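*Asks:* Quick one, work.csv (CSV, C-alpha atoms):
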chain,number,residue,atom,x,y,z
Q,288,MET,CA,-0.5,37.8,38.8
Q,289,ARG,CA,-4.3,37.1,38.4
Q,290,VAL,CA,-5.0,33.9,36.5
Q,291,LEU,CA,-8.3,32.7,35.0
Q,292,PHE,CA,-8.5,28.9,35.1
Q,293,LEU,CA,-11.1,27.2,33.0
Q,294,ALA,CA,-12.0,23.5,33.5
Q,295,PRO,CA,-14.8,21.1,32.8
Q,296,ASN,CA,-15.6,21.2,36.5
Q,297,SER,CA,-18.4,18.7,37.2
Q,298,PRO,CA,-18.0,17.9,41.0
Q,299,LYS,CA,-15.9,14.9,41.9
Q,300,THR,CA,-14.8,14.1,38.3
Q,301,GLY,CA,-11.2,13.6,37.4
Q,302,ASN,CA,-10.9,17.0,35.8
Q,303,CYS,CA,-12.4,18.6,38.9
Q,304,THR,CA,-9.9,16.9,41.2
Q,305,THR,CA,-7.0,17.9,38.9
Q,306,ALA,CA,-8.2,21.5,38.5
Q,307,GLU,CA,-8.3,22.0,42.3
Q,308,ARG,CA,-4.9,20.6,42.7
Q,309,ILE,CA,-3.3,22.7,40.0
Q,310,ARG,CA,-5.1,25.8,41.3
Q,311,ASN,CA,-3.6,25.1,44.7
Q,312,HIS,CA,-0.1,24.9,43.1
Q,313,ILE,CA,-0.6,28.3,41.5
Q,314,VAL,CA,-2.0,30.0,44.6
Q,315,ALA,CA,1.0,28.6,46.6
Q,316,ALA,CA,3.3,30.6,44.4
Q,317,GLY,CA,1.6,33.8,45.4
Q,318,HIS,CA,-0.7,34.3,42.4
Q,319,THR,CA,-4.5,34.7,42.4
Q,320,CYS,CA,-6.2,31.9,40.6
Q,321,VAL,CA,-9.9,32.0,39.8
Q,322,LEU,CA,-11.3,28.6,38.8
Q,323,CYS,CA,-14.4,28.6,36.6
Q,324,ASP,CA,-16.5,25.9,35.1
Q,325,THR,CA,-16.4,25.9,31.3
Q,326,ARG,CA,-20.2,25.3,31.3
Q,327,GLU,CA,-20.6,28.9,32.5
Q,328,PHE,CA,-19.5,30.2,29.1
Q,329,ARG,CA,-21.2,29.8,25.8
Q,330,SER,CA,-18.4,31.1,23.6
Q,331,ALA,CA,-14.9,32.7,23.6
Q,332,SER,CA,-16.6,36.2,23.5
Q,333,ASP,CA,-18.1,35.5,26.9
Q,334,VAL,CA,-14.6,34.9,28.3
Q,335,SER,CA,-13.3,38.0,26.4
Q,336,SER,CA,-16.0,40.1,28.2
Q,337,LEU,CA,-14.9,38.7,31.6
Q,338,MET,CA,-11.3,39.5,30.9
Q,339,MET,CA,-12.2,43.2,30.4
Q,340,GLN,CA,-13.7,43.5,33.9
Q,341,GLU,CA,-11.8,44.9,36.9
Q,342,PRO,CA,-9.7,43.6,38.5
Q,343,ARG,CA,-8.2,42.4,35.2
Q,344,PHE,CA,-6.9,38.9,34.5
Q,345,GLU,CA,-3.3,38.9,33.3
Q,346,ALA,CA,-3.1,35.2,32.2
Q,347,ALA,CA,-5.2,32.2,31.7
Q,348,LEU,CA,-5.1,28.4,31.9
Q,349,ALA,CA,-7.5,25.7,30.6
Q,350,ILE,CA,-8.0,22.0,31.0
Q,351,HIS,CA,-9.2,20.2,27.9
Q,352,LEU,CA,-8.3,21.7,24.5
Q,353,PHE,CA,-11.8,21.9,23.1
Q,354,LYS,CA,-14.0,22.4,26.2
Q,355,GLY,CA,-11.6,24.9,27.8
Q,356,GLY,CA,-9.0,25.9,25.3
Q,357,ARG,CA,-11.5,27.2,22.6
Q,358,LEU,CA,-12.9,29.7,25.2
Q,359,LEU,CA,-9.4,31.4,25.5
Q,360,LEU,CA,-8.9,32.0,21.8
Q,361,ASP,CA,-10.0,35.7,22.1
Q,362,ALA,CA,-8.9,36.2,25.8
Q,363,GLY,CA,-6.3,38.7,24.9
Q,364,VAL,CA,-3.8,37.4,27.5
Q,365,PRO,CA,-1.1,34.7,27.4
Q,366,PHE,CA,-2.5,31.3,28.2
Q,367,GLY,CA,-1.5,27.6,28.7
Q,368,VAL,CA,-3.5,24.4,28.3
Q,369,VAL,CA,-3.7,21.0,29.9
Q,370,PHE,CA,-4.8,18.0,27.9
Q,371,GLY,CA,-7.9,16.4,29.4
Q,372,GLY,CA,-7.6,13.0,27.7
Q,373,THR,CA,-10.9,12.9,25.7
Q,374,ASP,CA,-9.8,15.9,23.7
Q,375,VAL,CA,-6.9,13.9,22.2
Q,376,ASN,CA,-8.5,10.5,22.3
Q,377,GLU,CA,-12.0,11.3,21.2
Q,378,ASP,CA,-12.6,14.9,20.0
Q,379,VAL,CA,-9.9,14.7,17.4
Q,380,LYS,CA,-12.2,12.4,15.4
Q,381,ASP,CA,-14.5,15.4,14.8
Q,382,GLU,CA,-13.1,17.6,12.0
Q,383,HIS,CA,-14.4,20.9,13.4
Q,384,LYS,CA,-13.2,20.2,17.0
Q,385,ARG,CA,-9.8,19.1,15.7
Q,386,ALA,CA,-9.4,22.4,13.8
Q,387,VAL,CA,-10.3,24.4,16.9
Q,388,MET,CA,-7.9,22.4,19.0
Q,389,GLU,CA,-5.0,22.9,16.5
Q,390,GLU,CA,-5.6,26.7,16.7
Q,391,VAL,CA,-5.6,26.5,20.5
Q,392,LEU,CA,-2.2,24.7,20.5
Q,393,ARG,CA,-0.8,27.2,18.1
Q,394,LYS,CA,-1.7,30.1,20.3
Q,395,ALA,CA,-0.9,28.5,23.7
Q,396,ARG,CA,2.4,29.4,25.5
Q,397,PHE,CA,2.6,25.8,26.8
Q,398,ALA,CA,0.7,22.5,26.7
Q,399,VAL,CA,0.8,19.9,29.5
Q,400,ALA,CA,0.4,16.2,28.8
Q,401,PHE,CA,0.2,13.8,31.7
Q,402,THR,CA,2.0,10.9,30.0
Q,403,ASP,CA,4.5,10.4,27.2
Q,404,LYS,CA,1.9,8.4,25.2
Q,405,LEU,CA,-0.6,11.3,25.4
Q,406,LYS,CA,2.1,13.7,24.4
Q,407,GLY,CA,3.0,11.6,21.4
Q,408,ARG,CA,-0.6,11.2,20.3
Q,409,ALA,CA,-1.1,14.9,20.5
Q,410,GLU,CA,1.9,15.6,18.4
Q,411,GLU,CA,0.9,12.9,15.9
Q,412,LEU,CA,-2.7,14.1,15.5
Q,413,LEU,CA,-2.6,17.8,16.2
Q,414,VAL,CA,0.7,19.7,16.2
Q,415,ARG,CA,4.4,19.0,16.8
Q,416,ASN,CA,6.3,20.1,19.8
Q,417,VAL,CA,3.9,19.8,22.7
Q,418,LYS,CA,5.8,22.1,25.0
Q,419,SER,CA,5.8,20.4,28.3
Q,420,LEU,CA,5.3,16.9,29.8
Q,421,GLN,CA,4.0,16.9,33.4
Q,422,PHE,CA,3.2,13.9,35.4
Q,423,GLN,CA,0.0,14.1,37.4
Q,424,GLY,CA,0.6,14.3,41.1
Q,425,CYS,CA,-1.2,12.0,43.6
Q,426,LEU,CA,-1.9,13.6,46.9
Q,427,ASN,CA,-2.1,11.6,50.2
Q,428,MET,CA,-5.5,12.1,51.9
Q,429,LYS,CA,-6.5,11.5,55.5
Q,430,LEU,CA,-8.5,8.3,55.5
Q,431,LEU,CA,-11.9,8.1,57.4
Q,432,SER,CA,-14.0,5.0,58.1
Q,433,CYS,CA,-16.5,4.2,55.4
Q,434,VAL,CA,-19.2,1.6,55.0
Q,435,LEU,CA,-19.4,0.1,51.6
Q,436,GLY,CA,-22.9,-1.3,52.0
Q,437,VAL,CA,-22.1,-4.9,51.2
Q,438,ARG,CA,-23.3,-7.4,53.8
Q,439,THR,CA,-23.1,-11.2,53.6
Q,440,LYS,CA,-22.8,-14.0,56.2
Q,441,GLN,CA,-19.1,-14.2,55.4
Q,442,GLU,CA,-18.5,-10.5,55.2
Q,443,GLU,CA,-14.9,-10.7,56.4
Q,444,ASN,CA,-14.0,-13.0,53.4
Q,445,VAL,CA,-15.7,-10.8,50.7
Q,446,ARG,CA,-13.3,-9.6,48.0
Q,447,VAL,CA,-14.5,-6.2,46.8
Q,448,PHE,CA,-13.5,-5.1,43.3
Q,449,LEU,CA,-14.1,-1.3,43.3
Q,450,LEU,CA,-14.9,0.5,40.0
Q,451,VAL,CA,-14.6,4.3,40.5
Q,452,CYS,CA,-15.9,6.4,37.7
Q,453,GLY,CA,-18.3,9.2,36.8
Q,454,LEU,CA,-21.5,7.6,35.3
Q,455,ARG,CA,-21.1,8.5,31.6
Q,456,ARG,CA,-20.7,6.3,28.5
Q,457,VAL,CA,-16.9,6.8,28.0
Q,458,LYS,CA,-16.3,5.2,31.4
Q,459,ASP,CA,-18.2,2.1,30.3
Q,460,PRO,CA,-19.1,0.9,33.8
Q,461,LEU,CA,-21.4,-1.8,32.3
Q,462,TYR,CA,-18.5,-3.4,30.4
Q,463,LEU,CA,-17.9,-6.1,33.0
Q,464,LEU,CA,-21.4,-6.5,34.4
Q,465,GLU,CA,-22.4,-9.7,32.7
Q,466,VAL,CA,-19.1,-11.7,33.3
Q,467,PHE,CA,-18.8,-10.4,36.8
Q,468,ALA,CA,-22.4,-11.5,37.7
Q,469,GLU,CA,-21.6,-14.9,36.2
Q,470,TRP,CA,-18.4,-15.1,38.2
Q,471,HIS,CA,-20.2,-14.1,41.4
Q,472,SER,CA,-22.7,-16.9,40.8
Q,473,GLN,CA,-19.7,-19.3,40.9
Q,474,ASN,CA,-18.0,-17.5,43.8
Q,475,PRO,CA,-20.3,-15.5,46.0
Q,476,LEU,CA,-17.4,-14.0,47.8
Q,477,VAL,CA,-16.4,-11.7,44.9
Q,478,VAL,CA,-18.5,-8.5,44.4
Q,479,LEU,CA,-18.2,-5.5,42.1
Q,480,ILE,CA,-19.0,-2.1,43.5
Q,481,ILE,CA,-19.4,0.9,41.2
Q,482,ILE,CA,-19.0,4.3,42.8
Q,483,GLY,CA,-19.1,7.7,41.1
Q,484,PRO,CA,-21.1,10.8,40.5
Q,485,LYS,CA,-24.2,10.8,38.3
Q,486,ILE,CA,-22.9,12.9,35.4
Q,487,ASP,CA,-25.2,11.7,32.6
Q,488,PRO,CA,-28.8,11.3,33.9
Q,489,VAL,CA,-30.0,9.1,31.0
Q,490,PHE,CA,-27.0,6.8,31.2
Q,491,THR,CA,-27.2,6.7,35.0
Q,492,ALA,CA,-30.7,5.4,34.8
Q,493,GLU,CA,-29.5,2.7,32.4
Q,494,VAL,CA,-26.7,1.7,34.8
Q,495,GLU,CA,-29.1,1.6,37.8
Q,496,GLU,CA,-31.5,-0.6,35.9
Q,497,SER,CA,-28.8,-3.0,34.7
Q,498,VAL,CA,-27.3,-3.3,38.2
Q,499,LYS,CA,-30.7,-4.1,39.7
Q,500,ARG,CA,-30.9,-7.1,37.3
Q,501,SER,CA,-27.3,-8.3,38.1
Q,502,VAL,CA,-26.2,-10.4,41.1
Q,503,GLY,CA,-22.9,-9.5,42.8
Q,504,VAL,CA,-22.8,-6.0,41.4
Q,505,TYR,CA,-23.7,-3.0,43.5
Q,506,LEU,CA,-24.1,0.7,42.7
Q,507,ALA,CA,-23.0,2.7,45.7
Q,508,ALA,CA,-23.9,6.3,46.6
Q,509,ASP,CA,-21.3,8.9,45.6
Q,510,LEU,CA,-18.6,9.4,48.3
Q,511,SER,CA,-16.5,12.3,49.4
Q,512,GLN,CA,-12.8,12.1,48.4
Q,513,GLU,CA,-11.8,11.0,51.9
Q,514,GLU,CA,-14.6,8.4,52.1
Q,515,LEU,CA,-13.6,7.1,48.7
Q,516,HIS,CA,-10.0,6.6,49.8
Q,517,ALA,CA,-11.2,4.7,52.9
Q,518,ALA,CA,-13.4,2.5,50.6
Q,519,MET,CA,-10.4,1.8,48.5
Q,520,GLN,CA,-8.5,0.6,51.6
Q,521,LYS,CA,-11.3,-1.8,52.4
Q,522,SER,CA,-11.3,-3.2,48.8
Q,523,PHE,CA,-9.3,-6.0,47.2
Q,524,ALA,CA,-8.6,-4.2,43.9
Q,525,LEU,CA,-9.3,-1.1,41.9
Q,526,VAL,CA,-11.0,-1.6,38.5
Q,527,ASN,CA,-11.0,0.7,35.5
Q,528,SER,CA,-13.1,-0.2,32.5
Q,529,SER,CA,-13.0,3.1,30.5
Q,530,LEU,CA,-13.2,3.2,26.7
Q,531,SER,CA,-10.8,6.1,26.8
Q,532,GLU,CA,-8.6,7.7,29.5
Q,533,GLY,CA,-6.3,10.7,29.8
Q,534,MET,CA,-4.8,9.7,33.1
Q,535,SER,CA,-7.0,8.1,35.8
Q,536,ALA,CA,-6.7,9.8,39.1
Q,537,ALA,CA,-8.4,6.8,40.7
Q,538,ILE,CA,-5.6,4.5,39.4
Q,539,LEU,CA,-2.9,6.7,40.8
Q,540,GLU,CA,-4.7,7.0,44.2
Q,541,ALA,CA,-5.2,3.2,44.3
Q,542,MET,CA,-1.5,2.7,43.7
Q,543,ASP,CA,-0.6,5.3,46.4
Q,544,LEU,CA,-3.0,3.5,48.9
Q,545,GLY,CA,-1.5,0.1,48.2
Q,546,LEU,CA,-4.4,-1.3,46.2
Q,547,PRO,CA,-3.8,-3.7,43.2
Q,548,VAL,CA,-5.1,-2.2,39.9
Q,549,LEU,CA,-6.9,-4.0,37.0
Q,550,ALA,CA,-7.3,-1.6,34.1
Q,551,ARG,CA,-8.7,-1.9,30.6
Q,552,ASP,CA,-6.0,-1.9,28.1
Q,553,VAL,CA,-6.5,1.5,26.5
Q,554,PRO,CA,-3.6,4.0,25.8
Q,555,GLY,CA,-4.2,6.3,28.8
Q,556,ASN,CA,-4.2,3.3,31.2
Q,557,ALA,CA,-1.3,1.5,29.5
Q,558,ALA,CA,0.8,4.7,30.0
Q,559,ILE,CA,0.8,4.3,33.8
Q,560,VAL,CA,0.0,0.6,34.3
Q,561,LYS,CA,2.8,-1.7,33.2
Q,562,HIS,CA,1.3,-5.2,32.9
Q,563,GLU,CA,2.2,-7.6,35.7
Q,564,VAL,CA,4.5,-4.9,37.1
Q,565,THR,CA,2.4,-2.0,38.5
Q,566,GLY,CA,-1.0,-3.5,37.7
Q,567,LEU,CA,-2.8,-5.8,35.3
Q,568,LEU,CA,-4.2,-4.8,31.8
Q,569,TYR,CA,-7.1,-6.7,30.3
Q,570,SER,CA,-8.5,-6.5,26.8
Q,571,SER,CA,-11.8,-8.3,27.3
Q,572,PRO,CA,-14.3,-9.1,30.1
Q,573,GLN,CA,-13.3,-12.7,30.0
Q,574,GLU,CA,-9.6,-11.7,30.4
Q,575,PHE,CA,-10.6,-9.5,33.3
Q,576,VAL,CA,-12.1,-12.5,35.2
Q,577,SER,CA,-9.1,-14.7,34.4
Q,578,MET,CA,-6.7,-12.1,35.7
Q,579,SER,CA,-8.8,-11.4,38.7
Q,580,ARG,CA,-8.9,-15.1,39.6
Q,581,GLN,CA,-5.1,-15.3,39.2
Q,582,LEU,CA,-4.7,-12.2,41.5
Q,583,LEU,CA,-6.9,-13.7,44.2
Q,584,ASP,CA,-4.8,-16.9,44.3
Q,585,ASP,CA,-1.3,-15.4,43.8
Q,586,HIS,CA,-0.2,-13.5,46.9
Q,587,GLU,CA,3.2,-12.9,45.5
Q,588,LEU,CA,1.7,-11.2,42.5
Q,589,GLN,CA,-0.5,-9.1,44.8
Q,590,GLU,CA,2.5,-8.0,46.8
Q,591,ARG,CA,4.6,-7.2,43.7
Q,592,LEU,CA,1.9,-5.1,42.1
Q,593,VAL,CA,1.3,-3.1,45.4
Q,594,ARG,CA,5.1,-2.6,45.9
Q,595,ASN,CA,5.8,-1.5,42.4
Q,596,GLY,CA,2.7,0.7,42.2
Q,597,LYS,CA,3.8,2.5,45.4
Q,598,ASN,CA,7.3,3.0,43.9
Q,599,PHE,CA,5.9,4.3,40.7
Q,600,ILE,CA,3.9,6.9,42.5
Q,601,THR,CA,6.9,8.0,44.6
Q,602,THR,CA,9.2,8.2,41.6
Q,603,CYS,CA,6.9,9.7,38.9
Q,604,HIS,CA,4.0,11.3,40.6
Q,605,ASN,CA,5.4,13.3,43.5
Q,606,PRO,CA,3.0,16.2,44.3
Q,607,MET,CA,5.8,18.6,45.2
Q,608,THR,CA,7.6,18.0,41.9
Q,609,GLU,CA,4.3,18.7,40.1
Q,610,ARG,CA,3.8,21.9,42.1
Q,611,ILE,CA,7.2,23.3,41.2
Q,612,ALA,CA,6.7,22.4,37.5
Q,613,TYR,CA,3.3,24.2,37.3
Q,614,GLN,CA,4.7,27.2,39.1
Q,615,LYS,CA,7.5,27.5,36.6
Q,616,LEU,CA,5.0,27.1,33.7
Q,617,VAL,CA,2.8,29.9,35.0
Q,618,GLU,CA,5.8,32.2,35.2
Q,619,THR,CA,6.1,31.9,31.4
Q,620,LEU,CA,2.7,33.6,31.1
Q,621,HIS,CA,4.0,36.9,32.5
So, in terms of structure tokens, how does the structure I just supplied come out?
*Replies:*
Amino acid sequence: MRVLFLAPNSPKTGNCTTAERIRNHIVAAGHTCVLCDTREFRSASDVSSLMMQEPRFEAALAIHLFKGGRLLLDAGVPFGVVFGGTDVNEDVKDEHKRAVMEEVLRKARFAVAFTDKLKGRAEELLVRNVKSLQFQGCLNMKLLSCVLGVRTKQEENVRVFLLVCGLRRVKDPLYLLEVFAEWHSQNPLVVLIIIGPKIDPVFTAEVEESVKRSVGVYLAADLSQEELHAAMQKSFALVNSSLSEGMSAAILEAMDLGLPVLARDVPGNAAIVKHEVTGLLYSSPQEFVSMSRQLLDDHELQERLVRNGKNFITTCHNPMTERIAYQKLVETLH
């Protein structure tokens, strides 16, 4: 079967990583899967024209109900959709986008939500009976050496808090800037490093300028997946400060690599981070600093979070389980 797969596919974003992984699952089942960036199409009619070309596509899949799903409404083939996170958390607030997404869900053969909370929110705000719940897999990667670019006289004692995100407003990388700079002034051995692709040029310039004015906060060059995982291993904790999340691949990867997680208490994060069990959830910048200090001093807490995070990944986010689930879903598109 030849499958068209549409995804908001900016390089090295969470959606891009997820799309490549799902595509690999589909190809492993013997299908042909052509992955396309949603930005290549202006409307559903563009996709409809593509579907008419030889060799013909027999099915389709899209990540993000509005950005991807709307393009499949006139595709003329069975299709499924995968929630992106911002579609359910943000786009539903726009009446037009919400109506389009409801139509997408009515026509889709299946819909994949990465967490129970995301599934419940979709059913509450859009339609009932989201057809499938699939946990996002976390793949082990070969780790390579990586230089973080932080140098001090006491480098071996530096505690790096790593914030991994694409530079766009919904990820809110400046949320902790002021309190972290203040904390660094009190304790020079704690530093915050922000790593991620420059997605929004205007916002990126704002982040760069803000970081220049802050002590103890660094903006690192974007890294490859393998280099990023190596950077995680050299860090003390993984930080998430997003205003909204579907399911953070960085959080899952950090848990898999044995890194404690401090995440902003938003629904997508709370679905995978259980406070003081698999990570720490904070609701304000001040609470972040308080919890970070506690984590630095409490080795038993560090070990518990790492152990439980690893167990969570093994139990709920096994990549082979995910592969089998997606392969079964694609079979329903025949």
*Asks:* Return the single residue from Q:Glu609, Q:Asp543, Q:Glu590, Q:Glu514 that is closest to Q:Thr305, with distances computed using only C-alpha atoms.
*Replies:*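 Closest to Q:Thr305 of all the choices is Q:Glu609.
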*Asks:* From the set Q:Gly533, Q:Ala524, Q:Leu479, Q:Gln473, which residue has the shortest atom-to-atom contact distance to Q:Lys458, counting all atoms listed in the file?
*Replies:*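 Comparing Q:Gly533, Q:Ala524, Q:Leu479, Q:Gln473 against Q:Lys458, the winner is Q:Gly533.
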*Asks:* Point out the residue among Q:Gly355, Q:Gly566, Q:Gly483, Q:Pro606 with the least atom-to-atom distance to Q:Glu327, counting only C-alpha atoms.
*Replies:*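 Nearest to Q:Glu327: Q:Gly355.
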*Asks:* Between atom CA of Q:Pro554 and atom CA of Q:Gln581, what is the distance in Å, rounded to a tenth?
*Replies:* 23.5 Å
*Asks:* Which residues are close to stretch 361-368 of chain Q, i.e. within 8 Å by only C-alpha atoms, leaving aside same-chain residues fewer than 5 positions away? Reply as a PyMOL selection string.
*Replies:* chain Q and resi 331-332+334-335+338+344-352+356+392+395-399+617+620-621
*Asks:* What is the atom CA of Q:Pro475-atom CA of Q:Leu568 distance in Å, reported with one decimal?
*Replies:*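 Between atom CA of Q:Pro475 and atom CA of Q:Leu568 the gap is 24.0 Å.
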*Asks:* I need the residue nearest Q:Ile559 from this list: Q:Asp459, Q:Asp403, Q:Glu493, Q:Glu574. Use only C-alpha atoms for the distance.
*Replies:* Q:Asp403
*Asks:* Using all atoms listed in the file for the distances, tell me which of Q:Val560, Q:Cys603, Q:Leu337, Q:Val387 is nearest to Q:Leu360.
*Replies:*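 Looking only at the distances to Q:Leu360, the closest residue turns out to be Q:Val387.
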*Asks:* State, in Å with one decimal place, the distance from atom CA of Q:Ser336 to atom CA of Q:Phe353.
*Replies:*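 Rounded to one decimal, the two atoms are 19.4 Å apart.
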*Asks:* When you count all atoms listed in the file, which of these residues is closest to Q:Glu410: Q:Arg393, Q:Arg310, Q:Arg610, Q:Arg594?
*Replies:* Q:Arg393
*Asks:* If you count all atoms listed in the file, which residues fall within 12 Å of Q:Val447, apart from same-chain ones fewer than 3 positions away, as an MDAnalysis selection string?
*Replies:* chainID Q and resid 435:438 442:444 450 467 471 475:481 503:505 518:526 546:547 579 583
